[in-house]
Every structure is written in structure tokens, then in C-alpha cells.
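Undergrad: This is the content of upload-v5.txt (compact mmCIF, C-alpha atoms and all ligand atoms):
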# COMPACT_ATOMS: atom_id res chain seq x y z
CA MET A 1 -3.81 5.08 23.39
CA THR A 2 -1.15 3.05 21.62
CA ALA A 3 -0.97 3.73 17.89
CA ILE A 4 -1.50 0.81 15.53
CA LEU A 5 1.47 1.97 13.56
CA GLU A 6 3.93 4.73 14.20
CA ILE A 7 6.71 5.89 11.93
CA GLN A 8 9.39 8.00 13.53
CA GLN A 9 11.89 10.03 11.54
CA LEU A 10 12.21 7.33 8.90
CA ALA A 11 14.89 7.82 6.23
CA LYS A 12 16.17 5.89 3.26
CA LYS A 13 19.51 6.74 1.70
CA SER A 14 19.54 7.47 -1.98
CA TRP A 15 21.45 5.22 -4.35
CA ASN A 16 22.76 8.31 -6.08
CA LYS A 17 26.48 7.94 -6.23
CA GLY A 18 28.83 10.65 -7.31
CA ASN A 19 28.34 13.24 -4.62
CA GLN A 20 30.26 12.69 -1.44
CA GLU A 21 27.55 13.87 0.89
CA THR A 22 24.96 11.29 1.77
CA SER A 23 21.70 12.20 0.18
CA TYR A 24 18.36 10.71 1.07
CA LEU A 25 15.55 9.54 -1.14
CA PHE A 26 13.35 10.51 1.77
CA ALA A 27 14.04 11.54 5.35
CA GLU A 28 12.24 12.61 8.51
CA VAL A 29 9.10 10.74 7.57
CA SER A 30 6.91 10.60 10.65
CA ALA A 31 3.29 9.58 11.01
CA GLU A 32 0.99 7.99 13.51
CA ILE A 33 -2.01 5.83 12.80
CA GLN A 34 -4.22 5.72 15.90
CA GLN A 35 -7.15 3.79 14.54
CA PRO A 36 -7.82 1.79 11.40
CA GLU A 37 -7.68 4.30 8.59
CA ARG A 38 -7.76 4.48 4.82
CA ILE A 39 -4.81 6.52 3.68
CA SER A 40 -3.89 7.46 0.14
CA VAL A 41 -0.28 8.19 -0.70
CA ILE A 42 0.19 10.59 -3.57
CA GLY A 43 3.08 12.48 -5.10
CA ALA A 44 5.07 12.76 -8.29
CA SER A 45 6.88 9.81 -9.81
CA GLY A 46 10.22 8.99 -8.21
CA GLN A 47 9.41 10.63 -4.85
CA GLY A 48 9.88 7.31 -3.07
CA LYS A 49 6.27 6.26 -2.45
CA SER A 50 6.95 2.62 -3.35
CA THR A 51 10.20 2.63 -1.42
CA LEU A 52 8.45 4.04 1.64
CA LEU A 53 5.83 1.29 1.51
CA ARG A 54 8.45 -1.39 0.90
CA THR A 55 10.41 -0.06 3.88
CA MET A 56 7.29 -0.10 6.05
CA ALA A 57 6.82 -3.75 5.07
CA LEU A 58 10.49 -4.45 5.91
CA LEU A 59 11.27 -5.47 2.34
CA GLU A 60 13.88 -2.70 2.59
CA THR A 61 15.76 -1.71 5.72
CA PRO A 62 15.34 1.80 7.10
CA ASP A 63 18.59 3.80 7.19
CA LYS A 64 17.37 5.96 10.05
CA GLY A 65 14.40 6.16 12.32
CA ASP A 66 12.05 3.64 13.81
CA MET A 67 8.71 2.01 13.12
CA LEU A 68 6.45 0.73 15.87
CA TYR A 69 3.64 -1.73 15.43
CA GLU A 70 1.29 -1.60 18.43
CA GLY A 71 4.06 0.16 20.34
CA VAL A 72 6.81 -2.37 19.54
CA SER A 73 9.79 -1.38 17.39
CA TYR A 74 10.51 -3.38 14.24
CA LEU A 75 13.96 -3.96 15.70
CA LYS A 76 12.41 -5.99 18.50
CA LYS A 77 10.05 -7.99 16.34
CA GLU A 78 10.77 -10.97 14.14
CA SER A 79 10.54 -9.70 10.56
CA ARG A 80 8.39 -12.68 9.53
CA LEU A 81 5.78 -11.69 12.11
CA TRP A 82 6.03 -8.03 11.11
CA ARG A 83 5.36 -8.95 7.47
CA LYS A 84 2.38 -11.04 8.46
CA GLN A 85 0.73 -7.98 10.01
CA ILE A 86 1.98 -5.38 7.55
CA CYS A 87 1.62 -6.66 4.05
CA TYR A 88 2.86 -5.03 0.83
CA VAL A 89 1.08 -5.63 -2.47
CA ALA A 90 3.27 -4.61 -5.40
CA GLN A 91 2.17 -2.95 -8.61
CA GLN A 92 3.97 -5.56 -10.68
CA ALA A 93 2.48 -8.69 -9.20
CA VAL A 94 4.79 -11.69 -9.05
CA MET A 95 3.06 -15.05 -9.25
CA LEU A 96 4.34 -18.13 -7.49
CA PRO A 97 4.82 -21.23 -9.65
CA GLY A 98 1.70 -23.31 -10.28
CA SER A 99 -1.98 -22.60 -10.73
CA VAL A 100 -4.13 -19.74 -9.48
CA GLU A 101 -5.40 -22.08 -6.75
CA ASP A 102 -1.79 -22.95 -5.77
CA ASN A 103 -1.04 -19.24 -5.48
CA LEU A 104 -3.98 -18.67 -3.19
CA ARG A 105 -3.20 -21.69 -1.03
CA THR A 106 0.60 -21.42 -0.85
CA THR A 107 0.70 -17.95 0.68
CA SER A 108 -1.56 -18.99 3.57
CA ARG A 109 0.55 -22.12 4.09
CA LEU A 110 3.85 -20.23 3.99
CA HIS A 111 2.59 -17.93 6.72
CA GLY A 112 1.50 -20.84 8.84
CA GLY A 113 -2.21 -20.20 8.45
CA THR A 114 -5.06 -22.28 7.12
CA TYR A 115 -6.49 -21.66 3.69
CA ASP A 116 -9.98 -20.15 3.88
CA GLU A 117 -11.50 -21.47 0.67
CA LYS A 118 -14.86 -19.83 1.22
CA LEU A 119 -13.27 -16.43 1.72
CA ALA A 120 -11.09 -16.94 -1.38
CA ALA A 121 -14.20 -17.65 -3.47
CA GLN A 122 -15.98 -14.61 -2.07
CA LEU A 123 -13.01 -12.32 -2.73
CA LEU A 124 -12.66 -13.61 -6.29
CA GLU A 125 -16.30 -12.84 -6.89
CA GLU A 126 -16.04 -9.35 -5.39
CA ALA A 127 -12.96 -8.64 -7.49
CA ALA A 128 -14.97 -9.53 -10.62
CA MET A 129 -13.04 -12.74 -11.19
CA ASP A 130 -15.54 -15.43 -10.29
CA GLY A 131 -15.40 -16.70 -13.89
CA LEU A 132 -11.66 -17.33 -13.68
CA ASP A 133 -10.50 -20.95 -14.02
CA ARG A 134 -8.53 -21.53 -10.81
CA ASN A 135 -6.65 -24.43 -12.41
CA LYS A 136 -5.15 -22.09 -14.95
CA ASN A 137 -1.41 -21.57 -14.70
CA ALA A 138 -0.88 -18.29 -12.84
CA SER A 139 1.87 -17.23 -15.25
CA GLU A 140 -0.72 -17.15 -18.03
CA LEU A 141 -2.90 -14.55 -16.34
CA SER A 142 -3.17 -11.00 -17.65
CA GLY A 143 -1.44 -8.20 -15.72
CA GLY A 144 -4.75 -7.06 -14.19
CA GLU A 145 -5.68 -10.61 -13.21
CA LYS A 146 -2.28 -11.15 -11.58
CA GLN A 147 -2.70 -7.91 -9.66
CA ARG A 148 -6.04 -9.00 -8.24
CA ILE A 149 -4.77 -12.51 -7.37
CA ALA A 150 -1.79 -10.94 -5.57
CA LEU A 151 -4.18 -8.70 -3.65
CA ILE A 152 -6.49 -11.58 -2.70
CA ARG A 153 -3.48 -13.69 -1.69
CA SER A 154 -2.56 -10.93 0.77
CA LEU A 155 -6.11 -10.39 2.03
CA LEU A 156 -6.33 -14.09 2.88
CA LEU A 157 -3.60 -13.49 5.46
CA ARG A 158 -5.85 -10.90 7.12
CA PRO A 159 -3.04 -8.41 7.83
CA SER A 160 -3.82 -5.42 10.07
CA VAL A 161 -2.08 -3.04 7.69
CA LEU A 162 -2.30 -3.39 3.93
CA LEU A 163 0.22 -1.44 1.88
CA LEU A 164 -1.12 -1.25 -1.65
CA ASP A 165 1.05 0.00 -4.49
CA GLU A 166 -1.09 1.18 -7.39
CA VAL A 167 -3.05 -2.06 -7.22
CA THR A 168 -5.70 -0.97 -9.70
CA ALA A 169 -3.30 0.59 -12.19
CA SER A 170 -3.66 -2.18 -14.80
CA LEU A 171 -7.40 -2.60 -14.40
CA ASP A 172 -10.27 -1.41 -16.57
CA SER A 173 -12.49 1.07 -14.77
CA ILE A 174 -15.23 -1.46 -13.91
CA SER A 175 -12.78 -3.94 -12.34
CA ALA A 176 -10.99 -1.05 -10.59
CA ARG A 177 -14.28 0.07 -9.04
CA ALA A 178 -15.00 -3.51 -7.95
CA VAL A 179 -11.61 -3.70 -6.21
CA GLU A 180 -12.17 -0.29 -4.60
CA GLN A 181 -15.50 -1.43 -3.20
CA LEU A 182 -13.98 -4.67 -1.99
CA LEU A 183 -11.27 -2.76 -0.14
CA VAL A 184 -13.68 -0.26 1.38
CA ARG A 185 -15.78 -3.16 2.67
CA TRP A 186 -12.66 -4.96 3.91
CA HIS A 187 -11.56 -1.89 5.85
CA LYS A 188 -14.99 -1.52 7.41
CA GLU A 189 -15.59 -5.14 8.30
CA GLU A 190 -12.07 -6.34 9.11
CA GLY A 191 -10.89 -3.09 10.66
CA ALA A 192 -7.76 -3.17 8.52
CA THR A 193 -5.69 -0.06 7.87
CA ILE A 194 -5.18 0.50 4.16
CA ILE A 195 -2.32 2.63 2.89
CA TRP A 196 -2.75 3.00 -0.82
CA VAL A 197 -0.42 4.60 -3.38
CA THR A 198 -2.34 5.98 -6.32
CA HIS A 199 -1.83 8.45 -9.15
CA ASP A 200 -5.59 8.69 -9.56
CA LEU A 201 -6.64 11.67 -7.46
CA GLU A 202 -10.33 10.90 -7.87
CA GLN A 203 -9.67 7.43 -6.53
CA ALA A 204 -7.73 8.93 -3.61
CA ALA A 205 -10.60 11.30 -2.85
CA ARG A 206 -13.17 8.49 -3.12
CA THR A 207 -11.44 5.89 -1.04
CA SER A 208 -9.36 7.57 1.66
CA ASP A 209 -9.97 9.39 4.94
CA ARG A 210 -6.45 10.76 5.05
CA THR A 211 -3.92 11.75 2.41
CA TRP A 212 -0.14 11.57 2.61
CA PHE A 213 1.56 13.80 0.08
CA MET A 214 5.20 12.97 -0.63
CA SER A 215 7.34 15.75 -1.98
CA SER A 216 10.70 17.43 -1.39
CA GLY A 217 12.17 14.20 -0.05
CA THR A 218 9.71 13.75 2.78
CA LEU A 219 6.11 13.23 3.80
CA LEU A 220 5.26 16.85 3.24
CA GLU A 221 1.56 16.78 4.08
CA ASN A 222 -0.51 14.44 6.20
CA GLN A 223 -4.05 15.74 6.26
CA ARG A 224 -7.63 14.65 6.19
CA THR A 225 -8.36 13.94 2.54
CA THR A 226 -11.17 16.50 2.32
CA ASP A 227 -8.88 19.17 3.78
CA PHE A 228 -5.96 18.28 1.53
CA PHE A 229 -8.00 18.47 -1.65
CA ARG A 230 -9.71 21.66 -0.57
CA GLN A 231 -6.66 23.41 0.73
CA PRO A 232 -3.17 21.92 0.66
CA THR A 233 -1.04 23.71 3.22
CA THR A 234 2.16 23.78 1.19
CA GLU A 235 3.08 25.42 -2.09
CA ALA A 236 4.19 22.03 -3.47
CA GLY A 237 0.80 20.54 -2.55
CA ARG A 238 -1.07 23.36 -4.26
CA ASP A 239 1.11 23.02 -7.40
CA PHE A 240 0.60 19.27 -7.46
CA ILE A 241 -3.19 19.54 -7.34
CA ARG A 242 -3.24 22.40 -9.84
CA LEU A 243 -1.08 20.57 -12.38
CA LEU A 244 -3.08 17.38 -12.11
CA VAL A 245 -6.42 19.14 -12.37
CA SER A 246 -5.22 21.05 -15.43
CA GLY A 247 -4.23 17.71 -16.99
CA GLU A 248 -0.52 18.35 -17.20
CA LYS A 249 1.70 15.37 -16.65
CA LEU A 250 3.99 15.28 -13.63
N1 LIG A 301 17.46 3.50 -1.68
C1 LIG A 301 16.66 3.58 -2.72
N2 LIG A 301 15.64 2.72 -2.85
C2 LIG A 301 14.80 2.82 -3.90
N3 LIG A 301 14.90 3.73 -4.87
C3 LIG A 301 15.90 4.60 -4.79
C4 LIG A 301 16.81 4.58 -3.72
N4 LIG A 301 17.67 5.58 -3.91
C5 LIG A 301 17.32 6.20 -5.04
N5 LIG A 301 16.26 5.63 -5.60
C6 LIG A 301 15.61 6.10 -6.82
O1 LIG A 301 14.51 6.91 -6.39
C7 LIG A 301 13.34 6.65 -7.12
C8 LIG A 301 12.36 6.03 -6.14
O2 LIG A 301 11.43 5.30 -6.75
P1 LIG A 301 10.08 4.83 -6.11
O3 LIG A 301 9.70 3.68 -6.94
O4 LIG A 301 10.14 4.61 -4.65
O5 LIG A 301 9.20 6.14 -6.38
P2 LIG A 301 7.65 6.29 -6.56
O6 LIG A 301 7.28 7.56 -5.85
O7 LIG A 301 6.96 5.05 -6.14
O8 LIG A 301 7.48 6.51 -8.13
P3 LIG A 301 6.28 6.05 -9.11
O9 LIG A 301 5.15 7.01 -8.83
O10 LIG A 301 6.87 6.26 -10.47
O11 LIG A 301 5.95 4.63 -8.83
C9 LIG A 301 13.79 5.74 -8.26
O12 LIG A 301 14.16 6.59 -9.34
C10 LIG A 301 15.01 5.03 -7.72
O13 LIG A 301 15.93 4.66 -8.71
MG MG A 302 5.94 3.55 -7.18
When written as C-alpha cells, how does the structure in this file appear?
TA:
Amino acid sequence: MTAILEIQQLAKKSWNKGNQETSYLFAEVSAEIQQPERISVIGASGQGKSTLLRTMALLETPDKGDMLYEGVSYLKKESRLWRKQICYVAQQAVMLPGSVEDNLRTTSRLHGGTYDEKLAAQLLEEAAMDGLDRNKNASELSGGEKQRIALIRSLLLRPSVLLLDEVTASLDSISARAVEQLLVRWHKEEGATIIWVTHDLEQAARTSDRTWFMSSGTLLENQRTTDFFRQPTTEAGRDFIRLLVSGEKL
């Protein structure tokens, strides 16, 4: 069976200057996604989780390794088409000029699709934003509102793989739960793979089937979520869970 997405020995060079030897922010990152999955990506700050997702979305270029979407290397695919299937949603949402409505419409248009107004309205409602005035200038939205609009903008493109970077980080717990439920439903009904960076371990446990743990400059663990939280296989994984559970900051 061809994997939906396969990452082979992916590496990204570190910006760190000063030492002559090339060092890597991460290296030898390999993973295979055989069927639509919900994956949480966890790990301490600065491990390269965002950079890994940005690289997977081709917003950064890999320095080594390959990525295959349905068996085809990113090198053989037009990057515009790659980004249409594998979509990154940033933590710091950037709004396009114009109103909320413009933001929702423009992204579909830019990607050559048609704007599904009914779906947009449904997603706004599910994300607890049905009361939002869509004529409002997008730059005037709160951080949490921008985050949800950016997410909905991406969902409207119906990508096969959604790369979500702490997308509920600026939300109150009720809105965060609403977005979680929306994404769980989306995964189930649309068959989309969701790869989700979060610092909230309870959220990771609630929403994912599989957990990627980034540490020591690589994807150190790739396990079923229940197995990872019960019994990480590495010392770093055990330390990470222990520190977080004891409330210490990483
Ligand atoms: N090539 C590179 N691309 C991106 N960041 C790099 C690179 N080389 C070194 N860095 C540094 O490595 C760190 C990577 O940050 P990144 O945002 O990917 O981590 P993160 O795991 O998402 O952290 P956080 O949990 O705080 O969001 C930053 O400190 C950045 O300055
Ligand atoms: Mg990050």
C-alpha cells in the first residue's frame, strides 16, 4: 500500500554560525503515514517542531532527505500543488488585507477553487464564531479569532494533510474544545490527516491516535498515543512526561 505521506531521513541545517561543522536543527527524521491519522507533535521549545511542519509544507526547503506524497517525491511535484494538499496553519495567524469574508474567499480563489459559502458558515458556527461580523476588517480581529479564521481558510481548501501549529494556543478553553471537536469531526468525515503541534499534553492525549516526540535533534519517538503516554521508550520521553506532569516548565 502506498503511504499518504512518507518522510525519509529529513534534515534541516541549523542557523547556528560560529562552529565550522555543520550542525542540524533536526536530522534523520523519518515517518510513514499509511492511512489518515491524527498525530500530535510534542517536545520542548526550540526542538524544531514548527520548522519540521513548515518544511513538510514546503515553506522551507529540506537540506537532506525526501518527502513523498502518495508515492511522489516533492522534487517531482509542483510546489503549488504540494501546498494545496499539505497545508500549514501557523500559530501566529497572518490575515490577508480586507474583511473576514475576503479572507475566506481569497484563499479559495488563489488556489483555483470555488468558495463554498455554506461550508464556511458551518465551520464558523462549529468554531464558535457564528456571531462574528464577516464584514469586519480582518486586521481588527483578536488573536484567537484570527487563528480560527486562518484555520477555516485552510479547511476550505480541503487539504489531505493539515499541519497545525498550536492552533488553539490563544483560545479560551471553551473555544479550544470547539475547535478540537471540529477537527476530530473533520478528520472522520473528510478523511484528512491532521498533524498537530501542541504543548498541551491532555489535548494531545484527547485528540491524537499517534504521537511524535521531538527531542535530541530528531523525531525520537513515533508511537501510538496511548503507548507513548503509558510508557515512552526513551529516557528523554520519560523525562519529558515526568516534568510536565509535575508542572515544571520545559
Ligand atoms: N534552519 C532553521 N530554521 C528554523 N529555526 C532554526 C534553524 N536553525 C536554527 N533554528 C533555531 O531553532 C529553533 C527552532 O524553532 P522552532 O520554532 O522550529 O521550534 P519549536 O519546537 O516549534 O519551538 P516552540 O515549541 O517554542 O514553538 C529556534 O530557536 C530557531 O532560531
Ligand atoms: Mg513552534
Undergrad: Could you list, as a JSON list (two decimals) with C-alpha atoms, in the coordinates of the input, all residues that come within 8 Å of ligand LIG 301 (chain A)? Count only C-alpha atoms and all ligand atoms.
TA:
[["chain", "number", "residue", "atom", "x", "y", "z"],
["A", 12, "LYS", "CA", 16.17, 5.89, 3.26],
["A", 13, "LYS", "CA", 19.51, 6.74, 1.70],
["A", 14, "SER", "CA", 19.54, 7.47, -1.98],
["A", 15, "TRP", "CA", 21.45, 5.22, -4.35],
["A", 16, "ASN", "CA", 22.76, 8.31, -6.08],
["A", 24, "TYR", "CA", 18.36, 10.71, 1.07],
["A", 25, "LEU", "CA", 15.55, 9.54, -1.14],
["A", 43, "GLY", "CA", 3.08, 12.48, -5.10],
["A", 44, "ALA", "CA", 5.07, 12.76, -8.29],
["A", 45, "SER", "CA", 6.88, 9.81, -9.81],
["A", 46, "GLY", "CA", 10.22, 8.99, -8.21],
["A", 47, "GLN", "CA", 9.41, 10.63, -4.85],
["A", 48, "GLY", "CA", 9.88, 7.31, -3.07],
["A", 49, "LYS", "CA", 6.27, 6.26, -2.45],
["A", 50, "SER", "CA", 6.95, 2.62, -3.35],
["A", 51, "THR", "CA", 10.20, 2.63, -1.42],
["A", 52, "LEU", "CA", 8.45, 4.04, 1.64],
["A", 60, "GLU", "CA", 13.88, -2.70, 2.59],
["A", 165, "ASP", "CA", 1.05, 0.00, -4.49],
["A", 166, "GLU", "CA", -1.09, 1.18, -7.39],
["A", 197, "VAL", "CA", -0.42, 4.60, -3.38],
["A", 198, "THR", "CA", -2.34, 5.98, -6.32],
["A", 199, "HIS", "CA", -1.83, 8.45, -9.15],
["A", 214, "MET", "CA", 5.20, 12.97, -0.63]]
Undergrad: Do you have the CA of Ser139 (chain A)-CA of Glu180 (chain A) distance handy?
TA: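 The value is 24.4 Å.
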Undergrad: Just how far from CA of Leu182 (chain A) is CA of Leu124 (chain A), in Å to one decimal?
TA: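 Straight-line distance from CA of Leu124 (chain A) to CA of Leu182 (chain A) works out to 10.0 Å.
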Undergrad: Skip Thr234 (chain A) itself and residues of its chain fewer than 5 positions away, then list as an MDAnalysis selection string all residues within 10 Å of it, counting all atoms listed in the file.
TA: chainID A and resid 220:221 228 239:240
Undergrad: Using only C-alpha atoms, please write the residues we just selected to a file, as an mmCIF file, in the coordinates of the input.
TA:
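This went into part-v9.cif:
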data_model
loop_
_atom_site.group_PDB
_atom_site.id
_atom_site.type_symbol
_atom_site.label_atom_id
_atom_site.label_comp_id
_atom_site.auth_asym_id
_atom_site.auth_seq_id
_atom_site.Cartn_x
_atom_site.Cartn_y
_atom_site.Cartn_z
ATOM 1 C CA LEU A 220 5.260 16.850 3.240
ATOM 2 C CA GLU A 221 1.560 16.780 4.080
ATOM 3 C CA PHE A 228 -5.960 18.280 1.530
ATOM 4 C CA ASP A 239 1.110 23.020 -7.400
ATOM 5 C CA PHE A 240 0.600 19.270 -7.460
#
Undergrad: Please return as a tab-separated table (two decimals) with C-alpha atoms, keeping the file's coordinate frame every residue within 12 Å of (-16.7, -11.8, -9.8), taking into account all atoms listed in the file and the file's own coordinates.
TA:
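Writing done, so here's part.tsv:
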chain	number	residue	atom	x	y	z
A	120	ALA	CA	-11.09	-16.94	-1.38
A	121	ALA	CA	-14.20	-17.65	-3.47
A	122	GLN	CA	-15.98	-14.61	-2.07
A	123	LEU	CA	-13.01	-12.32	-2.73
A	124	LEU	CA	-12.66	-13.61	-6.29
A	125	GLU	CA	-16.30	-12.84	-6.89
A	126	GLU	CA	-16.04	-9.35	-5.39
A	127	ALA	CA	-12.96	-8.64	-7.49
A	128	ALA	CA	-14.97	-9.53	-10.62
A	129	MET	CA	-13.04	-12.74	-11.19
A	130	ASP	CA	-15.54	-15.43	-10.29
A	131	GLY	CA	-15.40	-16.70	-13.89
A	132	LEU	CA	-11.66	-17.33	-13.68
A	133	ASP	CA	-10.50	-20.95	-14.02
A	145	GLU	CA	-5.68	-10.61	-13.21
A	148	ARG	CA	-6.04	-9.00	-8.24
A	174	ILE	CA	-15.23	-1.46	-13.91
A	175	SER	CA	-12.78	-3.94	-12.34
A	178	ALA	CA	-15.00	-3.51	-7.95
A	179	VAL	CA	-11.61	-3.70	-6.21
A	182	LEU	CA	-13.98	-4.67	-1.99
Undergrad: So how far away is CA of Val89 (chain A) from CA of Val167 (chain A), in Å?
TA: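 The value is 7.2 Å.
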Undergrad: Given the choices A:Thr55, A:Gln223, A:Ser99, A:Ser170, which gets closest to Ser79 (chain A) if the distance is worked out from only C-alpha atoms?
TA: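 Comparing A:Thr55, A:Gln223, A:Ser99, A:Ser170 against Ser79 (chain A), the winner is A:Thr55.
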Undergrad: Which residues are near region 102-105 of chain A? Cut-off 7 Å, only C-alpha atoms, ignore same chain within fewer than 6 positions. Put them as an mmCIF file with C-alpha atoms, in the coordinates of the input.
TA:
data_model
loop_
_atom_site.group_PDB
_atom_site.id
_atom_site.type_symbol
_atom_site.label_atom_id
_atom_site.label_comp_id
_atom_site.auth_asym_id
_atom_site.auth_seq_id
_atom_site.Cartn_x
_atom_site.Cartn_y
_atom_site.Cartn_z
ATOM 1 C CA MET A 95 3.060 -15.050 -9.250
ATOM 2 C CA LEU A 96 4.340 -18.130 -7.490
ATOM 3 C CA TYR A 115 -6.490 -21.660 3.690
ATOM 4 C CA ARG A 153 -3.480 -13.690 -1.690
#
Undergrad: I'd like to know which of A:Leu5, A:Trp212, A:Glu78, A:Ala90 is closest to ligand MG 302 (chain A), using all atoms listed in the file.
TA: A:Ala90
Undergrad: Please determine, counting all atoms listed in the file, which residue among A:Leu10, A:Lys118, A:Arg83, A:Leu164 has the shortest atom-to-atom distance to ligand MG 302 (chain A).
TA: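 Ranking A:Leu10, A:Lys118, A:Arg83, A:Leu164 by distance to ligand MG 302 (chain A), first place goes to A:Leu164.
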Undergrad: Which centre and edge lengths in Å to one decimal define the box along x, y and z that fits every listed atom of region 124-142 of chain A plus 4 Å per side, as JSON?
TA:
{"center_x": -7.2, "center_y": -16.5, "center_z": -11.7, "size_x": 26.2, "size_y": 23.8, "size_z": 20.6}
Undergrad: Write out as a PyMOL selection string each polymer residue whose atoms come within 8 Å of Thr207 (chain A), counting only C-alpha atoms; drop sequence neighbours fewer than 4 positions from it.
TA: chain A and resi 38+40+180+184+203
Undergrad: Considering all atoms listed in the file, can you say which of A:Gln231, A:Cys87, A:Gly144, A:Leu155 comes closest to Ser173 (chain A)?
TA: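 Under the stated criterion, the closest residue is A:Gly144.
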Undergrad: Within 9 Å of Glu37 (chain A), counting only C-alpha atoms, which residues show up once you throw out same-chain ones fewer than 2 positions away? Write them as a PyMOL selection string, please.
TA: chain A and resi 33-35+39+187+191-195+208-210
Undergrad: Here is a test: counting all atoms listed in the file, which residue of A:Leu171, A:Leu81, A:Ala3, A:Gln91 is nearest to Tyr69 (chain A)?
TA: A:Ala3
Undergrad: Nearest residue to ligand MG 302 (chain A) out of A:Thr2, A:Gln92, A:Asn137, A:Ser160, using all atoms listed in the file?
TA: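 Closest candidate: A:Gln92.
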Undergrad: Kindly complete region 216-228 of chain A to N, CA, C and O atoms; the output should be written as a PDB file, keeping the file's coordinate frame.
TA:
ATOM      1  N   SER A 216       9.501  16.826  -1.988  1.00  0.00           N
ATOM      2  CA  SER A 216      10.700  17.430  -1.390  1.00  0.00           C
ATOM      3  C   SER A 216      11.424  16.470  -0.457  1.00  0.00           C
ATOM      4  O   SER A 216      11.946  16.859   0.584  1.00  0.00           O
ATOM      5  N   GLY A 217      11.411  15.185  -0.803  1.00  0.00           N
ATOM      6  CA  GLY A 217      12.170  14.200  -0.050  1.00  0.00           C
ATOM      7  C   GLY A 217      11.600  13.867   1.322  1.00  0.00           C
ATOM      8  O   GLY A 217      12.314  13.387   2.202  1.00  0.00           O
ATOM      9  N   THR A 218      10.308  14.109   1.498  1.00  0.00           N
ATOM     10  CA  THR A 218       9.710  13.750   2.780  1.00  0.00           C
ATOM     11  C   THR A 218       8.197  13.589   2.649  1.00  0.00           C
ATOM     12  O   THR A 218       7.635  13.774   1.561  1.00  0.00           O
ATOM     13  N   LEU A 219       7.564  13.252   3.766  1.00  0.00           N
ATOM     14  CA  LEU A 219       6.110  13.230   3.800  1.00  0.00           C
ATOM     15  C   LEU A 219       5.688  14.655   4.133  1.00  0.00           C
ATOM     16  O   LEU A 219       5.674  15.053   5.293  1.00  0.00           O
ATOM     17  N   LEU A 220       5.428  15.410   3.073  1.00  0.00           N
ATOM     18  CA  LEU A 220       5.260  16.850   3.240  1.00  0.00           C
ATOM     19  C   LEU A 220       3.919  17.231   3.863  1.00  0.00           C
ATOM     20  O   LEU A 220       3.819  18.183   4.623  1.00  0.00           O
ATOM     21  N   GLU A 221       2.870  16.486   3.485  1.00  0.00           N
ATOM     22  CA  GLU A 221       1.560  16.780   4.080  1.00  0.00           C
ATOM     23  C   GLU A 221       0.897  15.482   4.526  1.00  0.00           C
ATOM     24  O   GLU A 221       0.979  14.463   3.836  1.00  0.00           O
ATOM     25  N   ASN A 222       0.250  15.560   5.658  1.00  0.00           N
ATOM     26  CA  ASN A 222      -0.510  14.440   6.200  1.00  0.00           C
ATOM     27  C   ASN A 222      -1.785  15.043   6.744  1.00  0.00           C
ATOM     28  O   ASN A 222      -1.809  15.576   7.842  1.00  0.00           O
ATOM     29  N   GLN A 223      -2.816  15.013   5.919  1.00  0.00           N
ATOM     30  CA  GLN A 223      -4.050  15.740   6.260  1.00  0.00           C
ATOM     31  C   GLN A 223      -5.261  14.890   6.013  1.00  0.00           C
ATOM     32  O   GLN A 223      -5.213  13.927   5.236  1.00  0.00           O
ATOM     33  N   ARG A 224      -6.381  15.303   6.584  1.00  0.00           N
ATOM     34  CA  ARG A 224      -7.630  14.650   6.190  1.00  0.00           C
ATOM     35  C   ARG A 224      -7.817  14.886   4.706  1.00  0.00           C
ATOM     36  O   ARG A 224      -7.552  15.979   4.188  1.00  0.00           O
ATOM     37  N   THR A 225      -8.278  13.852   3.998  1.00  0.00           N
ATOM     38  CA  THR A 225      -8.360  13.940   2.540  1.00  0.00           C
ATOM     39  C   THR A 225      -9.189  15.155   2.091  1.00  0.00           C
ATOM     40  O   THR A 225      -8.770  15.894   1.190  1.00  0.00           O
ATOM     41  N   THR A 226     -10.328  15.367   2.743  1.00  0.00           N
ATOM     42  CA  THR A 226     -11.170  16.500   2.320  1.00  0.00           C
ATOM     43  C   THR A 226     -10.413  17.831   2.485  1.00  0.00           C
ATOM     44  O   THR A 226     -10.495  18.706   1.637  1.00  0.00           O
ATOM     45  N   ASP A 227      -9.640  17.940   3.561  1.00  0.00           N
ATOM     46  CA  ASP A 227      -8.880  19.170   3.780  1.00  0.00           C
ATOM     47  C   ASP A 227      -7.762  19.312   2.747  1.00  0.00           C
ATOM     48  O   ASP A 227      -7.536  20.389   2.204  1.00  0.00           O
ATOM     49  N   PHE A 228      -7.066  18.189   2.486  1.00  0.00           N
ATOM     50  CA  PHE A 228      -5.960  18.280   1.530  1.00  0.00           C
ATOM     51  C   PHE A 228      -6.453  18.722   0.165  1.00  0.00           C
ATOM     52  O   PHE A 228      -5.861  19.595  -0.470  1.00  0.00           O
TER      53      PHE A 228
END
